[in-house]
file coords.tsv (TSV, C-alpha atoms)
chain	number	residue	atom	x	y	z
W	30	MET	CA	0.00	0.00	0.00
W	31	ASN	CA	1.20	3.53	-0.77
W	32	LEU	CA	2.94	5.15	2.24
W	33	LYS	CA	0.76	8.25	2.19
W	34	VAL	CA	-2.39	6.11	2.15
W	35	ARG	CA	-1.12	4.08	5.11
W	36	LEU	CA	-0.37	7.24	7.08
W	37	ALA	CA	-3.76	8.71	6.09
W	38	VAL	CA	-5.47	5.67	7.63
W	39	LEU	CA	-3.31	6.14	10.72
W	40	SER	CA	-4.44	9.77	11.01
W	41	PHE	CA	-8.10	8.86	10.36
W	42	LEU	CA	-8.21	6.28	13.16
W	43	GLN	CA	-6.19	8.43	15.57
W	44	PHE	CA	-8.76	11.22	15.56
W	45	ALA	CA	-11.85	9.08	14.97
W	46	VAL	CA	-11.22	7.72	18.48
W	47	TRP	CA	-11.39	11.24	19.92
W	48	GLY	CA	-14.30	12.46	17.81
W	49	ALA	CA	-16.58	9.76	19.21
W	50	TYR	CA	-16.96	11.55	22.55
W	51	LEU	CA	-15.05	14.85	22.77
W	52	THR	CA	-17.83	17.17	21.57
W	53	CYS	CA	-20.79	15.30	23.07
W	54	MET	CA	-19.48	13.87	26.34
W	55	GLY	CA	-21.07	16.76	28.23
W	56	ILE	CA	-24.53	15.80	26.99
W	57	TYR	CA	-24.16	12.24	28.35
W	58	LEU	CA	-22.75	13.45	31.66
W	59	SER	CA	-25.69	15.85	32.06
W	60	LYS	CA	-28.14	13.00	31.39
W	61	ILE	CA	-26.73	10.94	34.27
W	62	GLY	CA	-26.60	13.85	36.72
W	63	MET	CA	-22.93	14.75	36.35
W	64	GLY	CA	-23.36	18.11	34.68
W	65	SER	CA	-21.42	19.83	37.45
W	66	HIS	CA	-18.44	17.57	36.73
W	67	ILE	CA	-18.11	18.31	33.01
W	68	GLY	CA	-15.26	20.72	33.69
W	69	SER	CA	-13.36	18.05	35.60
W	70	PHE	CA	-13.56	15.60	32.70
W	71	PHE	CA	-12.18	18.17	30.26
W	72	ALA	CA	-9.55	19.45	32.69
W	73	MET	CA	-8.22	15.93	33.21
W	74	GLN	CA	-7.17	15.81	29.55
W	75	GLY	CA	-4.86	18.70	30.35
W	76	VAL	CA	-3.65	17.24	33.63
W	77	VAL	CA	-2.51	13.93	32.11
W	78	SER	CA	-0.92	15.86	29.24
W	79	LEU	CA	1.37	17.55	31.77
W	80	PHE	CA	3.51	14.43	31.99
W	81	MET	CA	2.28	11.50	29.89
W	82	PRO	CA	3.26	12.76	26.38
W	83	ALA	CA	6.78	13.66	27.53
W	84	LEU	CA	7.13	10.36	29.40
W	85	MET	CA	5.95	8.29	26.45
W	86	GLY	CA	8.23	10.33	24.19
W	87	VAL	CA	11.22	9.24	26.30
W	88	VAL	CA	10.14	5.60	26.09
W	89	ALA	CA	9.67	5.84	22.31
W	90	ASP	CA	13.03	7.49	21.68
W	91	ARG	CA	15.05	5.20	23.95
W	92	TRP	CA	13.40	1.81	24.40
W	93	ILE	CA	10.22	0.98	22.45
W	94	PRO	CA	9.81	1.96	18.77
W	95	ALA	CA	7.27	4.76	18.46
W	96	GLN	CA	4.86	2.77	16.26
W	97	ARG	CA	4.82	-0.09	18.80
W	98	LEU	CA	4.30	2.23	21.75
W	99	LEU	CA	1.54	4.01	19.84
W	100	GLY	CA	-0.26	0.67	19.54
W	101	TYR	CA	0.20	-0.21	23.21
W	102	CYS	CA	-1.16	3.19	24.25
W	103	HIS	CA	-4.27	2.64	22.14
W	104	LEU	CA	-4.74	-0.87	23.48
W	105	LEU	CA	-4.78	0.43	27.06
W	106	ALA	CA	-6.80	3.55	26.22
W	107	GLY	CA	-9.39	1.49	24.35
W	108	THR	CA	-9.67	-1.12	27.10
W	109	PHE	CA	-10.30	1.45	29.83
W	110	MET	CA	-12.74	3.42	27.65
W	111	ILE	CA	-14.76	0.27	26.93
W	112	LEU	CA	-14.80	-0.48	30.66
W	113	ALA	CA	-16.06	3.07	31.30
W	114	GLY	CA	-18.85	2.53	28.75
W	115	TRP	CA	-19.70	-0.88	30.15
W	116	TYR	CA	-19.88	0.53	33.68
W	117	GLY	CA	-22.16	3.32	32.51
W	118	MET	CA	-24.38	0.84	30.69
W	119	GLN	CA	-24.73	-1.35	33.78
W	120	HIS	CA	-25.60	1.46	36.20
W	121	GLY	CA	-27.43	4.06	34.09
W	122	GLU	CA	-28.36	7.12	36.13
W	123	GLN	CA	-26.92	5.40	39.21
W	124	THR	CA	-23.42	5.65	37.76
W	125	GLU	CA	-20.97	6.91	40.38
W	126	PHE	CA	-18.69	9.79	39.49
W	127	GLY	CA	-15.58	8.28	41.10
W	128	VAL	CA	-15.67	5.02	39.15
W	129	LEU	CA	-16.57	6.53	35.76
W	130	PHE	CA	-14.09	9.37	36.16
W	131	GLY	CA	-11.36	6.95	37.22
W	132	LEU	CA	-11.79	4.69	34.18
W	133	TYR	CA	-12.04	7.71	31.88
W	134	THR	CA	-8.85	9.18	33.37
W	135	LEU	CA	-6.92	5.95	32.83
W	136	SER	CA	-8.10	5.89	29.22
W	137	ILE	CA	-7.08	9.43	28.33
W	138	ALA	CA	-3.81	9.02	30.23
W	139	PHE	CA	-2.78	6.67	27.42
W	140	TYR	CA	-4.68	8.38	24.60
W	141	MET	CA	-3.24	11.88	24.99
W	142	PRO	CA	0.41	10.82	24.41
W	143	SER	CA	-0.70	8.92	21.30
W	144	LEU	CA	-1.36	12.28	19.61
W	145	ALA	CA	2.34	13.18	19.73
W	146	LEU	CA	3.42	9.61	18.98
W	147	SER	CA	1.28	9.44	15.83
W	148	ASN	CA	2.96	12.62	14.59
W	149	ALA	CA	6.41	11.21	15.33
W	150	VAL	CA	5.58	7.98	13.48
W	151	ALA	CA	4.37	9.90	10.43
W	152	TYR	CA	7.34	12.29	10.41
W	153	ASN	CA	9.78	9.39	10.69
W	154	ALA	CA	8.16	7.47	7.82
W	155	LEU	CA	8.09	10.51	5.55
W	156	THR	CA	11.71	11.37	6.35
W	157	LYS	CA	12.89	7.82	5.61
W	158	ALA	CA	11.02	7.95	2.30
W	159	GLY	CA	12.82	11.18	1.40
W	160	MET	CA	9.65	13.27	1.31
W	161	ASP	CA	9.25	16.94	2.29
W	162	ILE	CA	7.37	16.82	5.60
W	163	VAL	CA	5.99	20.35	5.32
W	164	LYS	CA	4.42	19.50	1.95
W	165	SER	CA	3.48	15.88	2.58
W	166	PHE	CA	2.14	15.84	6.13
W	167	PRO	CA	-0.78	18.35	5.99
W	168	PRO	CA	-2.74	16.39	3.30
W	169	ILE	CA	-2.24	13.27	5.42
W	170	ARG	CA	-3.38	15.06	8.59
W	171	VAL	CA	-6.58	16.10	6.80
W	172	PHE	CA	-7.80	12.54	7.16
W	173	GLY	CA	-7.53	12.86	10.92
W	174	THR	CA	-10.08	15.65	10.87
W	175	ILE	CA	-12.25	13.62	8.50
W	176	GLY	CA	-12.13	10.73	10.97
W	177	PHE	CA	-13.14	13.09	13.77
W	178	ILE	CA	-16.11	14.37	11.74
W	179	VAL	CA	-17.22	10.89	10.69
W	180	THR	CA	-17.48	9.63	14.28
W	181	MET	CA	-19.16	12.88	15.37
W	182	TRP	CA	-21.87	12.30	12.78
W	183	VAL	CA	-22.15	8.57	13.52
W	184	VAL	CA	-22.67	9.31	17.20
W	185	ASP	CA	-25.28	11.96	16.36
W	186	VAL	CA	-27.18	9.78	13.89
W	187	LEU	CA	-27.25	6.81	16.28
W	188	ASP	CA	-28.14	9.03	19.28
W	189	TYR	CA	-25.03	7.85	21.10
W	190	GLU	CA	-24.48	11.40	22.38
W	191	GLN	CA	-27.23	10.64	24.92
W	192	ASN	CA	-25.57	7.56	26.42
W	193	GLN	CA	-22.40	5.62	27.17
W	194	ASN	CA	-22.22	4.06	23.69
W	195	GLN	CA	-20.00	6.95	22.60
W	196	PHE	CA	-17.35	5.55	24.97
W	197	MET	CA	-17.84	2.03	23.63
W	198	LEU	CA	-17.40	3.22	20.04
W	199	SER	CA	-14.26	5.18	20.95
W	200	GLY	CA	-12.78	2.18	22.75
W	201	ALA	CA	-13.51	-0.17	19.83
W	202	LEU	CA	-11.76	2.21	17.43
W	203	SER	CA	-8.73	2.34	19.74
W	204	ILE	CA	-8.48	-1.45	19.66
W	205	LEU	CA	-8.68	-1.31	15.86
W	206	MET	CA	-5.89	1.30	15.89
W	207	PHE	CA	-3.76	-1.02	18.05
W	208	LEU	CA	-4.06	-3.75	15.43
W	209	TYR	CA	-3.32	-1.33	12.61
W	210	THR	CA	-0.05	-0.14	14.14
W	211	PHE	CA	1.49	-3.53	13.35
W	212	THR	CA	1.39	-2.55	9.67
W	213	LEU	CA	3.24	0.75	10.12
W	214	PRO	CA	6.90	1.45	9.19
W	215	GLY	CA	9.37	0.94	12.03
W	216	CYS	CA	10.84	3.84	14.00
W	217	PRO	CA	14.40	3.91	15.39
W	218	VAL	CA	15.31	3.96	19.07
W	219	ASN	CA	18.43	5.55	20.48
W	220	LYS	CA	19.52	3.48	23.48
W	221	GLY	CA	23.01	4.96	23.56
W	222	SER	CA	25.81	3.52	25.64
W	223	GLY	CA	28.00	4.26	28.63
W	224	LYS	CA	27.21	6.00	31.89
W	225	LYS	CA	24.10	8.14	31.78
W	226	SER	CA	23.13	11.20	33.81
W	227	PHE	CA	19.72	11.87	35.34
W	228	ILE	CA	18.90	14.02	32.32
W	229	ASP	CA	19.87	11.20	29.95
W	230	ILE	CA	17.90	8.55	31.81
W	231	PHE	CA	14.67	10.54	31.90
W	232	GLY	CA	15.06	11.98	28.42
W	233	LEU	CA	15.00	15.62	29.47
W	234	GLN	CA	17.31	16.65	26.64
W	235	ALA	CA	14.30	17.94	24.70
W	236	PHE	CA	13.95	20.72	27.26
W	237	SER	CA	17.35	21.99	26.11
W	238	LEU	CA	15.36	23.63	23.32
W	239	PHE	CA	14.41	26.25	25.90
W	240	LYS	CA	18.02	27.47	25.80
W	241	GLN	CA	17.21	28.96	22.41
W	242	LYS	CA	15.36	32.24	22.93
W	243	LYS	CA	13.07	31.76	19.95
W	244	MET	CA	12.09	28.25	21.10
W	245	ALA	CA	11.51	29.33	24.69
W	246	ILE	CA	9.19	32.11	23.51
W	247	PHE	CA	7.49	29.76	21.05
W	248	PHE	CA	6.77	27.17	23.76
W	249	ILE	CA	5.51	29.81	26.21
W	250	PHE	CA	3.05	31.14	23.65
W	251	SER	CA	2.06	27.58	22.85
W	252	ILE	CA	0.70	27.52	26.40
W	253	PHE	CA	-1.28	30.72	25.80
W	254	LEU	CA	-2.81	29.33	22.61
W	255	GLY	CA	-3.51	26.02	24.33
W	256	VAL	CA	-5.67	28.07	26.71
W	257	CYS	CA	-7.74	29.29	23.73
W	258	LEU	CA	-8.30	25.74	22.51
W	259	GLN	CA	-9.64	24.54	25.85
W	260	ILE	CA	-11.99	27.51	26.15
W	261	THR	CA	-13.76	26.57	22.94
W	262	ASN	CA	-13.66	22.82	23.67
W	263	GLY	CA	-15.26	23.20	27.06
W	264	PHE	CA	-17.77	25.99	26.62
W	265	ALA	CA	-18.81	26.40	22.96
W	266	THR	CA	-21.33	23.53	23.07
W	267	PRO	CA	-22.95	24.49	26.42
W	268	PHE	CA	-23.22	28.05	25.11
W	269	ILE	CA	-25.04	26.95	21.94
W	270	ASP	CA	-27.25	24.60	23.95
W	271	HIS	CA	-28.43	27.37	26.31
W	272	PHE	CA	-30.43	28.94	23.45
W	273	SER	CA	-32.79	25.93	23.58
W	274	THR	CA	-34.43	27.47	26.67
W	275	MET	CA	-35.42	30.58	24.69
W	276	PRO	CA	-38.73	30.22	22.79
W	277	GLU	CA	-37.58	32.46	19.94
W	278	TYR	CA	-34.67	30.10	19.18
W	279	ALA	CA	-36.14	26.70	20.12
W	280	ASP	CA	-36.89	25.77	16.49
W	281	SER	CA	-33.78	27.34	14.95
W	282	PHE	CA	-31.24	25.37	12.94
W	283	GLY	CA	-28.48	25.88	15.50
W	284	VAL	CA	-30.55	24.51	18.37
W	285	LYS	CA	-32.03	21.60	16.40
W	286	TYR	CA	-28.71	20.48	14.92
W	287	PRO	CA	-25.96	21.60	17.31
W	288	VAL	CA	-23.61	18.74	16.38
W	289	VAL	CA	-23.93	19.47	12.67
W	290	LEU	CA	-23.36	23.17	13.36
W	291	TYR	CA	-20.34	22.44	15.52
W	292	SER	CA	-18.89	20.02	12.97
W	293	ILE	CA	-18.42	22.92	10.56
W	294	SER	CA	-15.34	23.69	12.68
W	295	GLN	CA	-13.84	20.32	11.81
W	296	ILE	CA	-14.86	20.60	8.15
W	297	SER	CA	-13.03	23.92	8.06
W	298	GLU	CA	-9.96	22.17	9.45
W	299	THR	CA	-9.78	19.85	6.44
W	300	CYS	CA	-9.50	22.85	4.14
W	301	CYS	CA	-7.16	24.92	6.28
W	302	ILE	CA	-4.66	22.08	6.77
W	303	LEU	CA	-4.02	22.08	3.03
W	304	MET	CA	-3.12	25.78	3.20
W	305	ILE	CA	-0.35	25.28	5.76
W	306	PRO	CA	2.57	24.43	3.41
W	307	PHE	CA	1.95	27.57	1.34
W	308	PHE	CA	1.63	29.87	4.35
W	309	LEU	CA	4.62	28.41	6.21
W	310	LYS	CA	6.95	28.67	3.26
W	311	ARG	CA	5.73	32.10	2.15
W	312	TYR	CA	5.09	33.85	5.46
W	313	GLY	CA	6.98	31.83	8.09
W	314	ILE	CA	6.08	30.55	11.53
W	315	LYS	CA	5.69	33.96	13.19
W	316	ASN	CA	3.11	35.30	10.76
W	317	VAL	CA	1.28	31.97	10.68
W	318	MET	CA	1.03	32.06	14.49
W	319	LEU	CA	-0.25	35.66	14.35
W	320	ILE	CA	-2.92	34.60	11.86
W	321	ALA	CA	-3.94	31.82	14.26
W	322	ILE	CA	-4.18	34.25	17.18
W	323	PHE	CA	-6.33	36.68	15.16
W	324	ALA	CA	-8.56	33.76	14.17
W	325	TRP	CA	-9.04	32.91	17.86
W	326	PHE	CA	-10.15	36.51	18.44
W	327	LEU	CA	-12.72	36.17	15.63
W	328	ARG	CA	-13.84	32.78	16.95
W	329	PHE	CA	-14.66	34.21	20.39
W	330	PHE	CA	-16.05	37.55	19.16
W	331	LEU	CA	-18.42	35.97	16.63
W	332	LEU	CA	-19.73	33.44	19.17
W	333	GLY	CA	-20.51	36.24	21.59
W	334	ALA	CA	-22.17	38.42	18.95
W	335	GLY	CA	-24.21	35.72	17.20
W	336	ASN	CA	-27.24	33.57	17.89
W	337	PRO	CA	-28.73	30.42	16.28
W	338	GLY	CA	-31.54	32.43	14.68
W	339	ASP	CA	-31.18	35.52	12.51
W	340	LYS	CA	-27.48	35.78	13.37
W	341	VAL	CA	-26.63	32.14	12.82
W	342	TRP	CA	-24.29	33.31	10.07
W	343	MET	CA	-22.00	34.60	12.82
W	344	PHE	CA	-21.95	31.16	14.40
W	345	ILE	CA	-21.17	29.58	11.04
W	346	LEU	CA	-18.38	32.08	10.37
W	347	SER	CA	-17.01	31.40	13.85
W	348	MET	CA	-16.91	27.68	13.04
W	349	ILE	CA	-15.12	28.40	9.76
W	350	VAL	CA	-12.38	30.54	11.31
W	351	TYR	CA	-11.81	27.81	13.91
W	352	GLY	CA	-10.04	25.82	11.21
W	353	VAL	CA	-7.49	28.60	10.80
W	354	ALA	CA	-7.16	29.11	14.56
W	355	PHE	CA	-6.55	25.42	15.26
W	356	ASP	CA	-4.49	24.30	12.24
W	357	PHE	CA	-2.27	27.35	11.89
W	358	PHE	CA	-1.22	26.83	15.49
W	359	ASN	CA	-1.34	23.10	16.27
W	360	ILE	CA	-0.25	21.63	12.94
W	361	SER	CA	2.19	24.39	12.01
W	362	GLY	CA	3.63	24.35	15.52
W	363	SER	CA	4.18	20.60	15.39
W	364	LEU	CA	5.92	20.91	12.00
W	365	PHE	CA	8.08	23.76	13.30
W	366	VAL	CA	9.17	21.76	16.35
W	367	ASP	CA	10.04	18.77	14.16
W	368	LYS	CA	12.05	20.99	11.82
W	369	VAL	CA	14.28	22.47	14.54
W	370	THR	CA	14.72	19.26	16.55
W	371	ASP	CA	17.41	16.62	16.22
W	372	VAL	CA	16.04	13.33	14.89
W	373	THR	CA	17.27	11.46	18.00
W	374	MET	CA	14.73	13.23	20.21
W	375	ARG	CA	11.88	13.74	17.78
W	376	SER	CA	9.27	11.98	19.93
W	377	ARG	CA	10.37	13.80	23.09
W	378	ALA	CA	10.21	17.19	21.38
W	379	GLN	CA	6.67	16.46	20.18
W	380	GLY	CA	5.88	15.39	23.75
W	381	VAL	CA	7.13	18.74	25.07
W	382	PHE	CA	4.96	20.57	22.54
W	383	MET	CA	1.98	18.51	23.71
W	384	LEU	CA	2.93	19.31	27.31
W	385	MET	CA	2.80	23.03	26.59
W	386	THR	CA	-0.48	22.97	24.63
W	387	ASN	CA	-2.66	20.06	25.77
W	388	GLY	CA	-1.02	19.95	29.20
W	389	ILE	CA	-0.31	23.29	30.83
W	390	GLY	CA	-2.35	25.36	28.35
W	391	ALA	CA	-5.41	23.12	28.45
W	392	THR	CA	-5.38	22.83	32.24
W	393	VAL	CA	-5.01	26.56	32.81
W	394	GLY	CA	-7.58	27.31	30.10
W	395	SER	CA	-10.17	24.94	31.54
W	396	PHE	CA	-9.96	26.25	35.08
W	397	ALA	CA	-9.54	29.94	34.14
W	398	ALA	CA	-12.50	29.85	31.74
W	399	GLN	CA	-14.59	28.13	34.42
W	400	VAL	CA	-13.75	30.93	36.87
W	401	ILE	CA	-14.85	33.56	34.33
W	402	VAL	CA	-18.08	31.70	33.52
W	403	ASN	CA	-18.84	31.21	37.22
W	404	ALA	CA	-18.22	34.92	37.87
W	405	HIS	CA	-20.81	35.77	35.21
W	406	THR	CA	-23.42	33.27	36.42
W	407	ALA	CA	-26.42	34.75	38.21
W	408	THR	CA	-28.11	33.17	41.21
W	409	ASP	CA	-30.86	31.80	38.97
W	410	GLY	CA	-28.27	29.97	36.85
W	411	THR	CA	-28.33	32.26	33.82
W	412	ILE	CA	-24.93	33.13	32.35
W	413	ALA	CA	-23.88	36.44	30.80
W	414	TRP	CA	-22.32	34.67	27.84
W	415	ARG	CA	-21.74	37.82	25.79
W	416	SER	CA	-19.47	39.23	28.49
W	417	CYS	CA	-17.61	35.92	28.78
W	418	TRP	CA	-16.89	35.70	25.06
W	419	GLY	CA	-15.89	39.38	25.08
W	420	LEU	CA	-13.26	38.69	27.74
W	421	PHE	CA	-12.02	35.63	25.85
W	422	ALA	CA	-11.70	37.73	22.67
W	423	LEU	CA	-9.80	40.44	24.57
W	424	TYR	CA	-7.43	37.78	25.88
W	425	ALA	CA	-6.63	36.69	22.31
W	426	VAL	CA	-5.90	40.29	21.29
W	427	ILE	CA	-3.48	40.78	24.20
W	428	VAL	CA	-1.67	37.50	23.40
W	429	GLY	CA	-1.33	38.53	19.76
W	430	VAL	CA	0.10	41.97	20.52
W	431	VAL	CA	2.64	40.62	23.01
W	432	PHE	CA	3.64	37.76	20.71
W	433	ASN	CA	4.27	40.14	17.83
W	434	VAL	CA	6.56	42.23	20.02
W	435	VAL	CA	8.64	39.53	21.73
W	436	PHE	CA	8.91	36.75	19.12
W	437	ARG	CA	11.56	37.99	16.69
W	438	PRO	CA	13.39	35.09	15.04
W	439	LYS	CA	16.12	35.79	12.50
W	440	LYS	CA	15.06	36.05	8.89
W	441	ASP	CA	16.57	32.68	7.99
W	442	GLU	CA	14.72	31.04	10.90
W	443	VAL	CA	11.27	32.37	10.07
W	444	LYS	CA	10.35	30.20	7.10
W	445	ILE	CA	10.42	26.41	7.19
call {"tool": "encode", "arguments": {"input": "coords.tsv", "output": "structure tokens"}}
result
Amino acid sequence: MNLKVRLAVLSFLQFAVWGAYLTCMGIYLSKIGMGSHIGSFFAMQGVVSLFMPALMGVVADRWIPAQRLLGYCHLLAGTFMILAGWYGMQHGEQTEFGVLFGLYTLSIAFYMPSLALSNAVAYNALTKAGMDIVKSFPPIRVFGTIGFIVTMWVVDVLDYEQNQNQFMLSGALSILMFLYTFTLPGCPVNKGSGKKSFIDIFGLQAFSLFKQKKMAIFFIFSIFLGVCLQITNGFATPFIDHFSTMPEYADSFGVKYPVVLYSISQISETCCILMIPFFLKRYGIKNVMLIAIFAWFLRFFLLGAGNPGDKVWMFILSMIVYGVAFDFFNISGSLFVDKVTDVTMRSRAQGVFMLMTNGIGATVGSFAAQVIVNAHTATDGTIAWRSCWGLFALYAVIVGVVFNVVFRPKKDEVKI
């Protein structure tokens, strides 16, 4: 089978696993009386990303080939996710938070590092084949977003968003991914020899990238943009859903088909990914990051200004610009890190990038956004969403201005 096709299948399965529950998990949790714990479930993705991607990156670079470790992570993630679904099925509305949350946490503890590992596997295969990663990877990554959309729609059509079957589907796809990894090209390990220091043993060499001013600034702002991603992951859907309580919007398209509306964001991703090679080579990483930050501002502003009725066009436009906001940061950032990193610590460097974005950034974003939403929640439970989205948009503007001032790589370092 053609290498690009094999890697496209890898990307499809990798994100199909996530798409089965990420955007609709809150609906299921609300149905079983755990609505107040939704924030905890999302925050835990960030917490485990603080250490698991970096740890698995060390293991992949030094002891277990990345494609093998990717499979093992999916095997464990899938097993625990199926157990979470099975537990929910057995107990229904009597499901206990501690047990469900524990099984879910164990699952994502092994899923989150697989995101960085799948990138490392793809980059390694493309490099060995002599292909240009910046040109070749984005079209492959498109299939990841397609996989995410497909499972979103499957869950919606089958009404799995209302129950634990979304977890069962995700777990089954993880098991399928485990089997598929046995067909992937092998990745090298670098065991080294001789006496090793603490830094060598625990694979902390990747953090030496912080010695370079441009990389230190890049990673710090990766945290700030990771905050933006978690804001929209955690609160965009509840915001859209709150319009269902208003008679004037009850029969609107946005309220009737929230999953379809939200999936426009992922559809936009598939188009924006294909634009990355052109923008990176023509404008460089700094300008691409600035475009992403401006897109986050538009994402938040348009959500706050729109509604699912006569202003649904603002919601749709917000979903469209999400593709730019996400891809021009996450995908371009991953490519940039790979480009400036030595091949011997490729997996660890991707793990550090994940640590900054899905770890520190996601954790801070989840809790900080919750504080803002709580501060704008009245005693009767109504939320001043317009003010919340206005503050989120202001945050994006401030990040963009500061980034433009402090991130000044040399001309020959800008384009990749």
call {"tool": "residues_around", "arguments": {"input": "coords.tsv", "residues": "region 409-413 of chain W", "least_positions_apart": "6", "cutoff": "12 Å", "atoms": "only C-alpha atoms", "output": "PDB file with C-alpha atoms, in the coordinates of the input"}}
result
ATOM      1  CA  PHE W 264     -17.770  25.990  26.620  1.00  0.00           C
ATOM      2  CA  PRO W 267     -22.950  24.490  26.420  1.00  0.00           C
ATOM      3  CA  PHE W 268     -23.220  28.050  25.110  1.00  0.00           C
ATOM      4  CA  HIS W 271     -28.430  27.370  26.310  1.00  0.00           C
ATOM      5  CA  PHE W 272     -30.430  28.940  23.450  1.00  0.00           C
ATOM      6  CA  THR W 274     -34.430  27.470  26.670  1.00  0.00           C
ATOM      7  CA  MET W 275     -35.420  30.580  24.690  1.00  0.00           C
ATOM      8  CA  GLY W 333     -20.510  36.240  21.590  1.00  0.00           C
ATOM      9  CA  GLN W 399     -14.590  28.130  34.420  1.00  0.00           C
ATOM     10  CA  ILE W 401     -14.850  33.560  34.330  1.00  0.00           C
ATOM     11  CA  VAL W 402     -18.080  31.700  33.520  1.00  0.00           C
ATOM     12  CA  ASN W 403     -18.840  31.210  37.220  1.00  0.00           C
ATOM     13  CA  GLY W 419     -15.890  39.380  25.080  1.00  0.00           C
ATOM     14  CA  LEU W 420     -13.260  38.690  27.740  1.00  0.00           C
TER      15      LEU W 420
END
call {"tool": "residues_near_point", "arguments": {"input": "coords.tsv", "point": "(3.9, 15.3, 30.8)", "cutoff": "10 Å", "atoms": "only C-alpha atoms", "output": "PyMOL selection string"}}
result
chain W and resi 75-86+138+141-142+380-385+387-389
call {"tool": "closest_atom_pairs", "arguments": {"input": "coords.tsv", "of": "region 57-104 of chain W", "to": "region 202-221 of chain W", "cutoff": "12 Å", "atoms": "all atoms listed in the file", "output": "JSON lines"}}
result
{"residue": "W:Gly86", "atom": "CA", "partner": "W:Val218", "partner_atom": "CA", "distance": 10.8}
{"residue": "W:Val87", "atom": "CA", "partner": "W:Val218", "partner_atom": "CA", "distance": 9.8}
{"residue": "W:Val88", "atom": "CA", "partner": "W:Val218", "partner_atom": "CA", "distance": 8.9}
{"residue": "W:Ala89", "atom": "CA", "partner": "W:Val218", "partner_atom": "CA", "distance": 6.8}
{"residue": "W:Asp90", "atom": "CA", "partner": "W:Val218", "partner_atom": "CA", "distance": 4.9}
{"residue": "W:Arg91", "atom": "CA", "partner": "W:Lys220", "partner_atom": "CA", "distance": 4.8}
{"residue": "W:Trp92", "atom": "CA", "partner": "W:Val218", "partner_atom": "CA", "distance": 6.1}
{"residue": "W:Ile93", "atom": "CA", "partner": "W:Val218", "partner_atom": "CA", "distance": 6.8}
{"residue": "W:Pro94", "atom": "CA", "partner": "W:Cys216", "partner_atom": "CA", "distance": 5.2}
{"residue": "W:Ala95", "atom": "CA", "partner": "W:Cys216", "partner_atom": "CA", "distance": 5.8}
{"residue": "W:Gln96", "atom": "CA", "partner": "W:Thr210", "partner_atom": "CA", "distance": 6.1}
{"residue": "W:Arg97", "atom": "CA", "partner": "W:Thr210", "partner_atom": "CA", "distance": 6.7}
{"residue": "W:Leu98", "atom": "CA", "partner": "W:Thr210", "partner_atom": "CA", "distance": 9.1}
{"residue": "W:Leu99", "atom": "CA", "partner": "W:Thr210", "partner_atom": "CA", "distance": 7.2}
{"residue": "W:Gly100", "atom": "CA", "partner": "W:Phe207", "partner_atom": "CA", "distance": 4.2}
{"residue": "W:Tyr101", "atom": "CA", "partner": "W:Phe207", "partner_atom": "CA", "distance": 6.6}
{"residue": "W:Cys102", "atom": "CA", "partner": "W:Phe207", "partner_atom": "CA", "distance": 7.9}
{"residue": "W:His103", "atom": "CA", "partner": "W:Ser203", "partner_atom": "CA", "distance": 5.1}
{"residue": "W:Leu104", "atom": "CA", "partner": "W:Ile204", "partner_atom": "CA", "distance": 5.4}
call {"tool": "residues_around", "arguments": {"input": "coords.tsv", "residues": "region 42-48 of chain W", "least_positions_apart": "2", "cutoff": "10 Å", "atoms": "all atoms listed in the file", "output": "short mmCIF file (atom, residue, chain, number, x, y, z; two decimals) with C-alpha atoms, keeping the file's coordinate frame"}}
result
data_model
loop_
_atom_site.label_atom_id
_atom_site.label_comp_id
_atom_site.auth_asym_id
_atom_site.auth_seq_id
_atom_site.Cartn_x
_atom_site.Cartn_y
_atom_site.Cartn_z
CA LEU W 36 -0.37 7.24 7.08
CA ALA W 37 -3.76 8.71 6.09
CA VAL W 38 -5.47 5.67 7.63
CA LEU W 39 -3.31 6.14 10.72
CA SER W 40 -4.44 9.77 11.01
CA TYR W 50 -16.96 11.55 22.55
CA LEU W 51 -15.05 14.85 22.77
CA THR W 52 -17.83 17.17 21.57
CA CYS W 53 -20.79 15.30 23.07
CA LEU W 99 1.54 4.01 19.84
CA HIS W 103 -4.27 2.64 22.14
CA ALA W 106 -6.80 3.55 26.22
CA GLY W 107 -9.39 1.49 24.35
CA ILE W 137 -7.08 9.43 28.33
CA TYR W 140 -4.68 8.38 24.60
CA MET W 141 -3.24 11.88 24.99
CA SER W 143 -0.70 8.92 21.30
CA LEU W 144 -1.36 12.28 19.61
CA SER W 147 1.28 9.44 15.83
CA ARG W 170 -3.38 15.06 8.59
CA PHE W 172 -7.80 12.54 7.16
CA GLY W 173 -7.53 12.86 10.92
CA THR W 174 -10.08 15.65 10.87
CA ILE W 175 -12.25 13.62 8.50
CA GLY W 176 -12.13 10.73 10.97
CA PHE W 177 -13.14 13.09 13.77
CA ILE W 178 -16.11 14.37 11.74
CA VAL W 179 -17.22 10.89 10.69
CA THR W 180 -17.48 9.63 14.28
CA MET W 181 -19.16 12.88 15.37
CA TRP W 182 -21.87 12.30 12.78
CA VAL W 183 -22.15 8.57 13.52
CA VAL W 184 -22.67 9.31 17.20
CA GLN W 195 -20.00 6.95 22.60
CA PHE W 196 -17.35 5.55 24.97
CA LEU W 198 -17.40 3.22 20.04
CA SER W 199 -14.26 5.18 20.95
CA GLY W 200 -12.78 2.18 22.75
CA ALA W 201 -13.51 -0.17 19.83
CA LEU W 202 -11.76 2.21 17.43
CA SER W 203 -8.73 2.34 19.74
CA ILE W 204 -8.48 -1.45 19.66
CA LEU W 205 -8.68 -1.31 15.86
CA MET W 206 -5.89 1.30 15.89
CA PHE W 207 -3.76 -1.02 18.05
CA TYR W 209 -3.32 -1.33 12.61
CA GLN W 295 -13.84 20.32 11.81
#
